[in-house]
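Dropping structure-v1.cif in here (mmCIF, C-alpha atoms):
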```cif
data_upload
#
loop_
_atom_site.label_atom_id
_atom_site.label_comp_id
_atom_site.auth_asym_id
_atom_site.auth_seq_id
_atom_site.Cartn_x
_atom_site.Cartn_y
_atom_site.Cartn_z
CA MET A 1 -82.70 17.02 19.70
CA ALA A 2 -85.11 14.14 20.34
CA LEU A 3 -83.03 12.97 23.29
CA ASN A 4 -83.11 16.49 24.74
CA TYR A 5 -86.93 16.66 24.66
CA ILE A 6 -87.31 13.14 26.02
CA TRP A 7 -84.91 13.88 28.89
CA ILE A 8 -86.86 17.03 29.80
CA ALA A 9 -90.17 15.16 29.55
CA PHE A 10 -89.03 12.48 32.02
CA PHE A 11 -88.40 15.12 34.70
CA LEU A 12 -91.53 17.18 34.01
CA ILE A 13 -93.82 14.12 33.99
CA ALA A 14 -92.25 12.87 37.22
CA PHE A 15 -92.72 16.29 38.87
CA VAL A 16 -96.38 16.59 37.82
CA ILE A 17 -97.22 13.09 39.06
CA ALA A 18 -95.41 13.58 42.37
CA PHE A 19 -97.08 16.97 42.85
CA CYS A 20 -100.54 15.47 42.22
CA LYS A 21 -99.79 12.66 44.69
CA LEU A 22 -98.80 15.21 47.31
CA VAL A 23 -101.70 17.63 46.79
CA PHE A 24 -104.59 15.29 46.02
CA PHE A 25 -103.60 12.09 47.86
CA GLY A 26 -101.47 13.42 50.71
CA ASP A 27 -98.44 11.33 49.76
CA VAL A 28 -95.72 13.18 51.67
CA ASP A 29 -93.03 10.76 50.44
CA ALA A 30 -93.70 11.31 46.73
CA PHE A 31 -90.83 13.75 46.19
CA LYS A 32 -88.54 11.93 48.62
CA LEU A 33 -88.86 8.80 46.46
CA LEU A 34 -87.77 10.78 43.40
CA VAL A 35 -84.83 12.40 45.19
CA ASP A 36 -83.63 9.10 46.68
CA GLY A 37 -83.86 7.56 43.23
CA MET A 38 -81.78 10.37 41.75
CA PHE A 39 -78.95 9.82 44.22
CA ASP A 40 -79.10 6.03 43.96
CA SER A 41 -79.09 6.01 40.17
CA SER A 42 -76.27 8.57 39.92
CA LYS A 43 -74.18 6.39 42.22
CA SER A 44 -75.01 3.14 40.41
CA SER A 45 -74.29 4.80 37.04
CA VAL A 46 -70.66 5.14 38.09
CA MET A 47 -70.11 2.30 40.56
CA ASP A 48 -72.24 -0.44 38.98
CA ILE A 49 -72.05 0.42 35.29
CA ALA A 50 -69.19 2.75 34.31
CA LEU A 51 -66.46 1.15 36.44
CA PRO A 52 -67.31 -2.48 35.54
CA LEU A 53 -67.61 -1.33 31.92
CA ALA A 54 -64.10 0.13 32.17
CA GLY A 55 -62.71 -3.34 32.88
CA ASN A 56 -64.59 -4.84 29.94
CA MET A 57 -63.51 -1.97 27.70
CA VAL A 58 -59.86 -2.44 28.59
CA LEU A 59 -60.08 -6.19 28.02
CA TRP A 60 -61.99 -6.21 24.74
CA LEU A 61 -60.33 -3.22 23.11
CA GLY A 62 -57.02 -4.94 23.83
CA ILE A 63 -58.26 -8.17 22.27
CA LEU A 64 -59.74 -6.28 19.32
CA ASN A 65 -56.40 -4.60 18.66
CA ILE A 66 -54.77 -8.04 18.52
CA GLY A 67 -57.42 -9.10 16.02
CA GLU A 68 -56.87 -6.01 13.87
CA ARG A 69 -53.10 -6.61 13.71
CA ALA A 70 -53.71 -10.28 12.98
CA GLY A 71 -55.89 -9.32 9.99
CA ALA A 72 -59.21 -10.54 11.46
CA MET A 73 -61.03 -7.29 10.66
CA ASN A 74 -59.91 -7.40 7.03
CA PHE A 75 -61.01 -11.03 6.81
CA LEU A 76 -64.46 -10.22 8.18
CA SER A 77 -64.71 -7.20 5.91
CA ARG A 78 -64.10 -9.35 2.84
CA ILE A 79 -66.86 -11.78 3.89
CA VAL A 80 -69.58 -9.32 4.91
CA GLY A 81 -68.35 -6.35 2.90
CA PRO A 82 -70.74 -6.80 -0.07
CA PHE A 83 -73.76 -6.90 2.29
CA LEU A 84 -72.74 -4.13 4.66
CA SER A 85 -71.61 -1.88 1.80
CA ARG A 86 -75.26 -1.82 0.67
CA LEU A 87 -76.56 -0.98 4.14
CA PHE A 88 -73.67 1.41 4.87
CA PRO A 89 -72.86 3.07 1.52
CA GLU A 90 -70.90 5.82 3.32
CA VAL A 91 -68.38 3.29 4.71
CA PRO A 92 -65.53 2.25 2.36
CA ARG A 93 -65.48 -1.48 1.73
CA LYS A 94 -62.24 -2.30 3.54
CA HIS A 95 -62.63 0.22 6.35
CA PRO A 96 -61.98 -1.22 9.86
CA ALA A 97 -65.51 -0.22 10.92
CA THR A 98 -66.96 -3.02 8.78
CA GLY A 99 -65.17 -5.77 10.69
CA GLN A 100 -65.80 -4.06 14.03
CA MET A 101 -69.53 -3.80 13.35
CA MET A 102 -69.59 -7.47 12.38
CA MET A 103 -67.82 -8.37 15.62
CA ASN A 104 -70.41 -6.37 17.56
CA PHE A 105 -73.32 -8.02 15.75
CA SER A 106 -71.77 -11.45 16.34
CA ALA A 107 -71.38 -10.79 20.07
CA ASN A 108 -75.02 -9.69 20.24
CA LEU A 109 -76.16 -12.79 18.39
CA LEU A 110 -74.52 -14.95 21.04
CA GLY A 111 -75.90 -12.90 23.95
CA LEU A 112 -72.40 -11.76 24.95
CA ASP A 113 -73.28 -8.34 26.37
CA ASN A 114 -69.92 -7.84 28.08
CA ALA A 115 -68.11 -8.20 24.76
CA ALA A 116 -70.71 -6.49 22.54
CA THR A 117 -70.54 -3.07 24.23
CA PRO A 118 -66.77 -2.48 23.90
CA LEU A 119 -66.82 -3.78 20.33
CA GLY A 120 -69.78 -1.57 19.50
CA LEU A 121 -68.17 1.53 20.99
CA LYS A 122 -65.05 0.86 18.94
CA ALA A 123 -67.16 0.53 15.78
CA MET A 124 -68.99 3.78 16.58
CA ASP A 125 -65.63 5.54 17.00
CA SER A 126 -64.49 4.27 13.60
CA LEU A 127 -67.74 5.48 12.01
CA GLN A 128 -67.21 8.85 13.68
CA GLN A 129 -63.89 9.18 11.85
CA LEU A 130 -65.86 9.04 8.59
CA ASN A 131 -68.52 11.47 9.84
CA PRO A 132 -68.16 14.93 8.22
CA ASP A 133 -70.30 16.62 10.91
CA LYS A 134 -68.87 15.50 14.25
CA GLU A 135 -71.85 16.68 16.31
CA THR A 136 -74.56 15.14 14.11
CA ALA A 137 -75.16 11.41 13.70
CA SER A 138 -74.35 10.18 10.20
CA ASN A 139 -76.56 7.80 8.23
CA ALA A 140 -74.11 4.97 8.87
CA GLN A 141 -74.07 5.63 12.61
CA ILE A 142 -77.87 5.63 12.76
CA MET A 143 -78.16 2.37 10.79
CA PHE A 144 -75.56 0.74 13.04
CA LEU A 145 -77.21 1.97 16.21
CA VAL A 146 -80.72 0.84 15.18
CA LEU A 147 -79.46 -2.61 14.17
CA HIS A 148 -77.70 -2.79 17.53
CA THR A 149 -80.66 -1.60 19.59
CA SER A 150 -82.96 -4.12 17.91
CA GLY A 151 -80.89 -6.66 19.83
CA LEU A 152 -80.78 -9.61 17.38
CA GLN A 153 -79.89 -12.54 19.61
CA LEU A 154 -79.81 -16.30 19.07
CA LEU A 155 -78.73 -17.40 22.53
CA PRO A 156 -80.45 -15.44 25.36
CA VAL A 157 -78.25 -17.12 27.96
CA THR A 158 -78.88 -14.67 30.83
CA ILE A 159 -82.66 -14.96 30.45
CA ILE A 160 -82.55 -18.76 30.46
CA ALA A 161 -80.21 -18.72 33.47
CA GLN A 162 -82.53 -16.42 35.41
CA ARG A 163 -85.52 -18.62 34.67
CA PHE A 164 -83.55 -21.61 35.93
CA ILE A 165 -82.69 -19.76 39.16
CA LEU A 166 -86.37 -18.95 39.75
CA GLY A 167 -87.38 -22.58 39.31
CA ALA A 168 -88.95 -22.67 35.85
CA LYS A 169 -89.91 -26.18 34.83
CA ASP A 170 -88.43 -25.64 31.34
CA PRO A 171 -86.08 -22.61 31.53
CA ALA A 172 -85.33 -22.70 27.80
CA ASP A 173 -88.94 -22.79 26.59
CA VAL A 174 -88.70 -19.06 25.75
CA LEU A 175 -85.67 -19.51 23.49
CA ILE A 176 -87.50 -19.83 20.17
CA PRO A 177 -90.03 -17.03 20.88
CA CYS A 178 -87.10 -14.77 21.82
CA ILE A 179 -85.28 -15.57 18.57
CA ILE A 180 -88.35 -14.86 16.44
CA ALA A 181 -89.31 -11.65 18.27
CA THR A 182 -85.83 -10.15 18.15
CA TYR A 183 -85.45 -11.08 14.47
CA VAL A 184 -88.73 -9.28 13.68
CA ALA A 185 -87.49 -6.21 15.60
CA THR A 186 -84.19 -6.22 13.69
CA VAL A 187 -85.77 -6.55 10.24
CA VAL A 188 -88.38 -3.85 10.96
CA GLY A 189 -85.71 -1.49 12.32
CA MET A 190 -83.52 -2.07 9.27
CA ILE A 191 -86.44 -1.47 6.90
CA ALA A 192 -87.42 1.76 8.71
CA VAL A 193 -83.91 3.19 8.44
CA ALA A 194 -83.45 1.95 4.86
CA ILE A 195 -86.65 3.72 3.76
CA LYS A 196 -85.49 6.96 5.42
CA GLN A 197 -82.04 6.67 3.83
CA LYS A 198 -83.43 5.54 0.44
CA ILE A 199 -81.49 2.27 0.48
CA ASN A 200 -82.63 -0.29 -2.07
CA LEU A 201 -83.66 -3.30 0.01
CA PHE A 202 -84.45 -5.26 -3.16
CA ASP A 203 -80.80 -5.28 -4.12
CA ARG A 204 -79.77 -8.84 -5.01
CA VAL A 205 -77.03 -8.96 -2.36
CA ILE A 206 -79.28 -7.67 0.44
CA VAL A 207 -82.07 -10.08 -0.51
CA SER A 208 -79.60 -12.98 -0.61
CA TRP A 209 -78.13 -12.18 2.80
CA LEU A 210 -81.51 -11.61 4.43
CA GLY A 211 -82.84 -14.79 2.85
CA GLY A 212 -79.80 -16.70 4.08
CA MET A 213 -80.10 -15.34 7.63
CA THR A 214 -83.82 -16.09 7.68
CA ALA A 215 -83.18 -19.63 6.48
CA PHE A 216 -80.44 -20.10 9.09
CA ILE A 217 -82.68 -18.94 11.93
CA ALA A 218 -85.54 -21.11 10.66
CA LEU A 219 -83.18 -24.10 10.47
CA LEU A 220 -81.90 -23.40 13.99
CA VAL A 221 -85.46 -23.20 15.34
CA TRP A 222 -86.36 -26.42 13.54
CA TYR A 223 -83.30 -28.25 14.90
CA PHE A 224 -83.96 -27.11 18.47
CA THR A 225 -87.61 -28.15 18.33
CA GLN A 226 -87.05 -31.49 16.59
CA TYR A 227 -83.82 -32.85 18.08
CA LEU A 228 -83.27 -31.21 21.50
CA ASP A 229 -85.32 -31.36 24.65
CA LYS A 230 -85.65 -28.36 26.99
CA GLU A 231 -82.70 -29.34 29.18
CA GLN A 232 -80.46 -29.90 26.16
CA ILE A 233 -81.38 -26.49 24.73
CA THR A 234 -80.29 -24.87 27.99
CA ILE A 235 -76.98 -26.75 27.96
CA VAL A 236 -76.30 -26.02 24.27
CA SER A 237 -77.03 -22.31 24.76
CA LYS A 238 -74.69 -22.05 27.74
CA VAL A 239 -71.84 -24.10 26.29
CA ALA A 240 -71.95 -22.61 22.79
CA SER A 241 -71.98 -18.99 23.94
CA ASN A 242 -69.14 -19.37 26.43
CA MET A 243 -67.05 -21.52 24.09
CA LEU A 244 -67.37 -19.01 21.26
CA LEU A 245 -66.66 -16.11 23.61
CA PHE A 246 -63.33 -17.67 24.59
CA ALA A 247 -62.65 -18.78 21.01
CA ILE A 248 -62.56 -15.17 19.79
CA PRO A 249 -59.40 -14.09 21.68
CA THR A 250 -57.84 -17.52 21.08
CA VAL A 251 -58.27 -17.25 17.30
CA PHE A 252 -56.97 -13.66 17.35
CA ILE A 253 -53.89 -14.70 19.29
CA LEU A 254 -53.16 -17.62 16.94
CA GLY A 255 -53.58 -15.31 13.94
CA ALA A 256 -51.24 -12.77 15.50
CA LEU A 257 -48.62 -15.45 16.18
CA ARG A 258 -48.86 -16.55 12.55
CA LYS A 259 -48.12 -12.97 11.45
CA LYS A 260 -45.34 -12.63 14.04
CA VAL A 261 -47.15 -9.85 15.90
CA ASN A 262 -46.12 -9.01 19.48
CA VAL A 263 -49.37 -10.16 21.10
CA PHE A 264 -48.86 -8.70 24.57
CA GLU A 265 -47.82 -5.26 23.33
CA SER A 266 -50.75 -5.24 20.90
CA PHE A 267 -53.11 -5.96 23.76
CA ILE A 268 -51.66 -3.17 25.91
CA ASP A 269 -51.77 -0.65 23.04
CA GLY A 270 -55.43 -1.37 22.42
CA ALA A 271 -56.38 -1.52 26.08
CA LYS A 272 -55.00 1.94 26.91
CA SER A 273 -57.98 3.71 25.36
CA GLY A 274 -60.53 1.59 27.24
CA PHE A 275 -60.44 3.51 30.51
CA GLU A 276 -60.48 6.88 28.72
CA VAL A 277 -63.68 5.98 26.87
CA SER A 278 -65.31 4.72 30.08
CA VAL A 279 -64.60 8.00 31.87
CA LYS A 280 -65.86 10.02 28.90
CA ILE A 281 -69.28 8.36 28.90
CA ILE A 282 -69.95 8.79 32.65
CA PRO A 283 -71.82 12.13 32.29
CA TYR A 284 -74.08 10.63 29.60
CA LEU A 285 -74.79 7.56 31.72
CA VAL A 286 -75.61 9.63 34.81
CA ALA A 287 -77.88 11.98 32.85
CA MET A 288 -79.89 9.22 31.21
CA LEU A 289 -80.15 6.84 34.16
CA VAL A 290 -81.16 9.59 36.60
CA ALA A 291 -83.94 10.72 34.22
CA ILE A 292 -85.14 7.13 33.82
CA SER A 293 -85.08 6.67 37.58
CA VAL A 294 -87.32 9.65 38.35
CA PHE A 295 -89.70 8.67 35.57
CA ARG A 296 -89.99 5.10 36.88
CA ASN A 297 -90.20 6.06 40.57
CA SER A 298 -92.95 8.58 39.88
CA GLY A 299 -95.29 5.70 39.05
CA ALA A 300 -95.76 6.79 35.43
CA LEU A 301 -95.31 3.22 34.16
CA ASP A 302 -98.01 1.95 36.53
CA TYR A 303 -100.48 4.54 35.25
CA LEU A 304 -99.59 3.65 31.67
CA ASN A 305 -100.16 -0.04 32.40
CA GLY A 306 -103.52 0.75 33.99
CA GLY A 307 -104.58 2.62 30.87
CA VAL A 308 -103.59 -0.27 28.61
CA ARG A 309 -105.47 -2.74 30.82
CA TRP A 310 -108.60 -0.56 30.70
CA ALA A 311 -108.38 -0.28 26.90
CA ALA A 312 -107.88 -4.03 26.49
CA THR A 313 -110.88 -4.71 28.73
CA GLN A 314 -113.07 -2.33 26.73
CA LEU A 315 -112.07 -4.14 23.54
CA HIS A 316 -112.86 -7.51 25.18
CA MET A 317 -109.27 -8.67 24.73
CA ASP A 318 -107.40 -11.20 26.85
CA THR A 319 -105.58 -9.03 29.41
CA ARG A 320 -102.95 -11.50 30.58
CA PHE A 321 -100.33 -9.80 28.40
CA VAL A 322 -100.76 -6.57 30.39
CA ASP A 323 -99.18 -8.17 33.49
CA ALA A 324 -95.85 -8.45 31.63
CA LEU A 325 -95.94 -5.05 29.90
CA PRO A 326 -93.78 -3.26 32.53
CA VAL A 327 -90.86 -5.30 31.16
CA ALA A 328 -91.61 -3.97 27.66
CA TYR A 329 -91.87 -0.39 28.97
CA MET A 330 -88.51 -0.62 30.71
CA LYS A 331 -86.58 -2.38 27.95
CA PRO A 332 -85.96 0.73 25.79
CA LEU A 333 -85.00 2.69 28.91
CA SER A 334 -82.77 0.45 31.01
CA GLY A 335 -81.34 -3.04 30.67
CA SER A 336 -81.02 -3.51 34.43
CA GLY A 337 -84.51 -2.05 34.93
CA SER A 338 -86.10 -4.43 32.42
CA LYS A 339 -84.26 -7.37 33.96
CA ALA A 340 -85.55 -6.36 37.40
CA MET A 341 -89.09 -6.08 35.98
CA MET A 342 -88.74 -9.50 34.36
CA ILE A 343 -87.64 -11.07 37.63
CA SER A 344 -90.43 -9.29 39.52
CA THR A 345 -93.01 -10.54 37.00
CA MET A 346 -91.79 -14.12 37.34
CA GLN A 347 -91.75 -13.86 41.12
CA THR A 348 -95.28 -12.42 41.20
CA TYR A 349 -97.00 -14.65 38.66
CA GLY A 350 -94.59 -17.59 38.50
CA PRO A 351 -91.86 -18.32 35.91
CA ASP A 352 -94.12 -20.79 34.08
CA SER A 353 -97.13 -18.47 33.97
CA PHE A 354 -98.08 -16.71 30.74
CA ALA A 355 -96.93 -13.37 32.18
CA GLY A 356 -93.65 -14.88 33.41
CA ARG A 357 -92.86 -16.34 30.00
CA LEU A 358 -93.99 -13.25 28.09
CA GLY A 359 -91.87 -11.03 30.36
CA SER A 360 -88.87 -13.18 29.46
CA VAL A 361 -89.64 -12.87 25.73
CA PHE A 362 -90.07 -9.10 26.10
CA ASN A 363 -86.65 -8.90 27.71
CA GLY A 364 -85.10 -10.81 24.82
CA SER A 365 -86.97 -9.09 22.00
CA ALA A 366 -84.94 -5.87 21.74
CA ASP A 367 -82.25 -3.81 23.45
CA THR A 368 -82.13 -0.58 25.49
CA THR A 369 -82.64 2.16 22.90
CA PHE A 370 -82.31 5.27 25.10
CA TYR A 371 -79.37 3.88 27.06
CA ILE A 372 -77.52 2.84 23.90
CA VAL A 373 -78.15 6.16 22.17
CA ALA A 374 -76.77 8.05 25.18
CA LEU A 375 -73.84 5.65 25.58
CA TYR A 376 -72.75 5.26 21.95
CA PHE A 377 -73.36 8.78 20.72
CA GLY A 378 -72.02 10.23 23.96
CA SER A 379 -68.77 8.28 23.56
CA VAL A 380 -67.99 10.11 20.30
CA GLY A 381 -69.53 13.49 21.10
CA ILE A 382 -72.68 13.22 18.95
CA LYS A 383 -75.22 15.83 20.08
CA LYS A 384 -77.85 15.58 17.33
CA SER A 385 -79.22 12.05 17.06
CA ARG A 386 -81.62 12.92 14.17
CA TYR A 387 -84.11 10.06 13.68
CA ALA A 388 -82.10 7.39 15.54
CA ILE A 389 -84.48 7.25 18.53
CA PRO A 390 -87.75 7.09 16.52
CA ALA A 391 -86.31 4.35 14.31
CA GLY A 392 -85.07 2.44 17.34
CA LEU A 393 -88.47 2.72 19.02
CA ILE A 394 -90.18 1.45 15.86
CA ALA A 395 -87.99 -1.65 16.07
CA ASP A 396 -88.75 -2.00 19.79
CA PHE A 397 -92.50 -1.72 19.17
CA ALA A 398 -92.34 -4.36 16.43
CA GLY A 399 -90.49 -6.65 18.85
CA VAL A 400 -93.15 -6.11 21.54
CA ILE A 401 -96.04 -6.88 19.17
CA ALA A 402 -94.21 -9.94 17.84
CA ALA A 403 -93.46 -11.11 21.40
CA ILE A 404 -97.14 -10.91 22.39
CA LEU A 405 -98.38 -12.73 19.29
CA ILE A 406 -95.71 -15.42 19.45
CA SER A 407 -96.23 -15.98 23.18
CA TYR A 408 -99.96 -16.55 22.65
CA LEU A 409 -99.04 -18.97 19.87
CA PHE A 410 -96.50 -20.91 21.94
CA PHE A 411 -97.94 -20.64 25.46
CA GLY A 412 -101.65 -20.05 24.87
#
```
Here is a file; write its structure as C-alpha cells.
Amino acid sequence: MALNYIWIAFFLIAFVIAFCKLVFFGDVDAFKLLVDGMFDSSKSSVMDIALPLAGNMVLWLGILNIGERAGAMNFLSRIVGPFLSRLFPEVPRKHPATGQMMMNFSANLLGLDNAATPLGLKAMDSLQQLNPDKETASNAQIMFLVLHTSGLQLLPVTIIAQRFILGAKDPADVLIPCIIATYVATVVGMIAVAIKQKINLFDRVIVSWLGGMTAFIALLVWYFTQYLDKEQITIVSKVASNMLLFAIPTVFILGALRKKVNVFESFIDGAKSGFEVSVKIIPYLVAMLVAISVFRNSGALDYLNGGVRWAATQLHMDTRFVDALPVAYMKPLSGSGSKAMMISTMQTYGPDSFAGRLGSVFNGSADTTFYIVALYFGSVGIKKSRYAIPAGLIADFAGVIAAILISYLFFG
C-alpha cells in the first residue's frame, strides 16, 4: 500500500509544481520536461536496465544452479544458519534461501552489483515459496529486503573508479567513511525490523555474529589506514573484488566436478529462468522509474534542498553538506540517478571538495530502496509491502546522518 501512495504522490507533486511554474512564472516548457522525461525513462527502463539485467540474470542464475548442485548452498547454510535462523525464524535452517541470501549479501559486500541482483532475486523467489500469503510480503522477505537496501559494502569499487576518472587526488579516501556509513545503515535497518518483528537481538548467537562483523570491519579499517596508502587501497579494492567475483563460479565448477555433476547442463537449466524473470519485472521497473523521473524533473528535489539550506542557515550550521544532499535524495529512488548526482556534484565543486567527497560517501552509504522494493517484490508478485519501505527509509536516513558526521570528521 505504501508504494501505491508514494507512486501517486510523485505524479501529483510533479503536476502541482509544473502547473505553478506555468501559471506563476510563465514556464511554457514545464510540462514538456515532464513528458519528455516519461518517455525517456520508460525507454531506458527496458533498453538500459531490463535487457542488460536479463544477461546478468541468465549468467548468474546458471552459475547459482551449478553451486546448488555442487552443495555450495548447503555449505553456506551450515555456516551462517545459526545466525540467519535468528533473524529469519520463518525460514527452515537448511532451506536453499539461506545460502542464496548469504550469496547476495556477499556480493553486496564486495560491491558486485551485477552479481548481487540476480542472486537476490533468486533468494526472494525462494522466500516466496515459504510465504503463506503470496500477495503480502512476509516477515522474512521484509528483513531480507531491508538488509539488502541498507547496502552493506566493504569495497565501493565503482565509486572509487569514478573519482579516479574525475581526477581526484586520492580516489580511495572515501573508502573508510563509506564502510562506516553503510554499516551504520545496515545495523539500524536490522534493529528497526527486529523490533517490529519482536526478534531478540540480545540472543547470544546474534550478539556474537554482530560483534564479530563489527570487529572485522574495525580491523579492516585499521589495516587500510595503518599499512596501505591511498593508491594501494584503490588497487586492493579493484583486484580483490574482481578476483573474488571470478572465484565464485570457479569454486562452484570445481565443486560440481568433484560431485560428478554435468556442469554445462546445470548452467543451462538454471539460466533458462533468467530471461523470464527479467521480462516479468519490466512493468514494475517502468512504473517506478517513470514516477521517479517526473518527480525529479519537476524540480521538487531542488526546492527540498533550498528548504534544508534555509533551515541550516537559520540554525547557524555549516551548510557545505547541503551541496551534496541531492545525491542522498536520489539514492533511495534510483541508483543511476544518484550516480549521476554524485558525478555532477564532483564536477561542480571538485572531486576533492567537501561536497564532492560527501556525495561519494552518500552514494556508498545505502542502496536504492524504492527501486529494490519494486524490483524484488514485483518479481514474485508481492502487492502489499507492509512496513518494508518505512524500515528501508529508516536505514537510509541513518546512513545519511552517519555519512555527514563521518565526512566532517574525516574531511573537516
Care to translate the PyMOL selection byres ((chain A and resi 14) around 12) into actual residues of this file, as a VMD selection string? chain A and resid 7 to 13 15 to 21 30 to 31 33 to 35 37 to 38 290 to 301 303
Which residues, named as in the file, does the PyMOL selection byres ((chain A and resi 359) around 7) pick out? Answer as a list in words.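 Checked against the file, the PyMOL selection byres ((chain A and resi 359) around 7) matches Ala324, Val327, Met342, Thr345, Ala355, Gly356, Arg357, Leu358, Ser360, Val361, Phe362 and Asn363 of chain A.
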The residue from A:Tyr376, A:Phe321, A:Tyr349, A:Phe88 with the smallest atom-to-atom distance to Leu166 (chain A), counting all atoms listed in the file, is A:Tyr349
When the PyMOL selection byres ((chain A and resi 190) around 9) is applied to the file above, which residues end up in the set, as number ranges by chain? A: 87, 143, 146-147, 150, 185-189, 191-195, 391, 395
Per-axis box centre and lengths in Å around region 224-231 of chain A, 8 Å margin per side, axis-aligned, as JSON:
```
{"center_x": -85.2, "center_y": -30.0, "center_z": 22.9, "size_x": 20.9, "size_y": 21.7, "size_z": 28.6}
```
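With all atoms listed in the file as the atoms that count, the minimum distance from Leu154 (chain A) to the choices A:Leu201, A:Val236, A:Ala328, A:Ala137 is reached by A:Val236.
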Of A:Ile401, A:Ala374, A:Ile406, A:Ala287, the one sitting nearest Ser45 (chain A) when using all atoms listed in the file is A:Ala287
With 12 Å as the cut-off and all atoms listed in the file counted, what is the closest atom pair between each nearby residue of region 63-172 of chain A and region 215-224 of chain A? Distances in Å to one decimal, ordered by chain and number, as a Markdown table.
```
| residue | atom | partner | partner_atom | distance |
| --- | --- | --- | --- | --- |
| A:Leu109 | CA | A:Ile217 | CA | 11.0 |
| A:Leu152 | CA | A:Ile217 | CA | 11.0 |
| A:Gln153 | CA | A:Ile217 | CA | 10.4 |
| A:Leu154 | CA | A:Ile217 | CA | 8.1 |
| A:Leu155 | CA | A:Leu220 | CA | 10.9 |
| A:Ala172 | CA | A:Phe224 | CA | 10.4 |
```
Counting only C-alpha atoms, write as a short mmCIF file (atom, residue, chain, number, x, y, z; two decimals) with C-alpha atoms, keeping the file's coordinate frame all protein and nucleic acid residues lying at most 12 Å from (-68.9, -10.3, 0.8) in the file's frame.
```cif
data_model
loop_
_atom_site.label_atom_id
_atom_site.label_comp_id
_atom_site.auth_asym_id
_atom_site.auth_seq_id
_atom_site.Cartn_x
_atom_site.Cartn_y
_atom_site.Cartn_z
CA ASN A 74 -59.91 -7.40 7.03
CA PHE A 75 -61.01 -11.03 6.81
CA LEU A 76 -64.46 -10.22 8.18
CA SER A 77 -64.71 -7.20 5.91
CA ARG A 78 -64.10 -9.35 2.84
CA ILE A 79 -66.86 -11.78 3.89
CA VAL A 80 -69.58 -9.32 4.91
CA GLY A 81 -68.35 -6.35 2.90
CA PRO A 82 -70.74 -6.80 -0.07
CA PHE A 83 -73.76 -6.90 2.29
CA LEU A 84 -72.74 -4.13 4.66
CA SER A 85 -71.61 -1.88 1.80
CA ARG A 86 -75.26 -1.82 0.67
CA ARG A 93 -65.48 -1.48 1.73
CA LYS A 94 -62.24 -2.30 3.54
CA THR A 98 -66.96 -3.02 8.78
CA GLY A 99 -65.17 -5.77 10.69
CA MET A 102 -69.59 -7.47 12.38
CA VAL A 205 -77.03 -8.96 -2.36
CA ILE A 206 -79.28 -7.67 0.44
CA SER A 208 -79.60 -12.98 -0.61
CA TRP A 209 -78.13 -12.18 2.80
#
```
Atom pair CA of Ile394 (chain A) / CA of Thr214 (chain A): separation (Å):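 A separation of 20.4 Å between them.
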With all atoms listed in the file as the counted atoms, please give the residues lying no more than 12 Å from region 307-318 of chain A, apart from itself and same-chain residues fewer than 5 positions off, as a PyMOL selection string. chain A and resi 300-302+323-326+329+354-355+404-405+408+412
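Using only C-alpha atoms, the smallest distance between any of A:Leu304, A:Val184, A:Ala240, A:Met47 and Met330 (chain A) comes from A:Leu304.
Using only C-alpha atoms, the shortest contact distance between Gly274 (chain A) and any of A:Leu119, A:Ala70, A:Leu257, A:Val46 is found at A:Leu119.
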Could you give me, as a list in words, the residues within 9 Å of Lys383 (chain A), counting all atoms listed in the file and dropping anything in the same chain fewer than 4 positions from it? Met1, Leu3, Lys134, Glu135, Thr136, Ala137, Phe377 and Gly378 of chain A
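Minimum distance to Ser407 (chain A) across A:Gly120, A:Pro177, A:Gly71, A:Gly55 (counting all atoms listed in the file) occurs at A:Pro177.
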Complete region 11-22 of chain A with N, CA and C atoms (output as a short mmCIF file (atom, residue, chain, number, x, y, z; two decimals), in the coordinates of the input).
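To be explicit, this is the file written out as out-v4.cif:
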```
data_model
loop_
_atom_site.label_atom_id
_atom_site.label_comp_id
_atom_site.auth_asym_id
_atom_site.auth_seq_id
_atom_site.Cartn_x
_atom_site.Cartn_y
_atom_site.Cartn_z
N PHE A 11 -88.40 14.35 33.46
CA PHE A 11 -88.40 15.12 34.70
C PHE A 11 -89.74 15.84 34.92
N LEU A 12 -90.27 16.44 33.86
CA LEU A 12 -91.53 17.18 34.01
C LEU A 12 -92.68 16.25 34.35
N ILE A 13 -92.75 15.09 33.69
CA ILE A 13 -93.82 14.12 33.99
C ILE A 13 -93.70 13.64 35.42
N ALA A 14 -92.47 13.34 35.85
CA ALA A 14 -92.25 12.87 37.22
C ALA A 14 -92.68 13.94 38.23
N PHE A 15 -92.36 15.21 37.95
CA PHE A 15 -92.72 16.29 38.87
C PHE A 15 -94.24 16.43 38.96
N VAL A 16 -94.92 16.42 37.82
CA VAL A 16 -96.38 16.59 37.82
C VAL A 16 -97.05 15.46 38.59
N ILE A 17 -96.61 14.23 38.37
CA ILE A 17 -97.22 13.09 39.06
C ILE A 17 -96.97 13.17 40.56
N ALA A 18 -95.73 13.48 40.94
CA ALA A 18 -95.41 13.58 42.37
C ALA A 18 -96.19 14.72 43.02
N PHE A 19 -96.33 15.83 42.31
CA PHE A 19 -97.08 16.97 42.85
C PHE A 19 -98.55 16.60 43.06
N CYS A 20 -99.13 15.90 42.09
CA CYS A 20 -100.54 15.47 42.22
C CYS A 20 -100.70 14.49 43.39
N LYS A 21 -99.74 13.60 43.57
CA LYS A 21 -99.79 12.66 44.69
C LYS A 21 -99.76 13.40 46.02
N LEU A 22 -98.92 14.44 46.08
CA LEU A 22 -98.80 15.21 47.31
C LEU A 22 -100.06 16.02 47.60
#
```
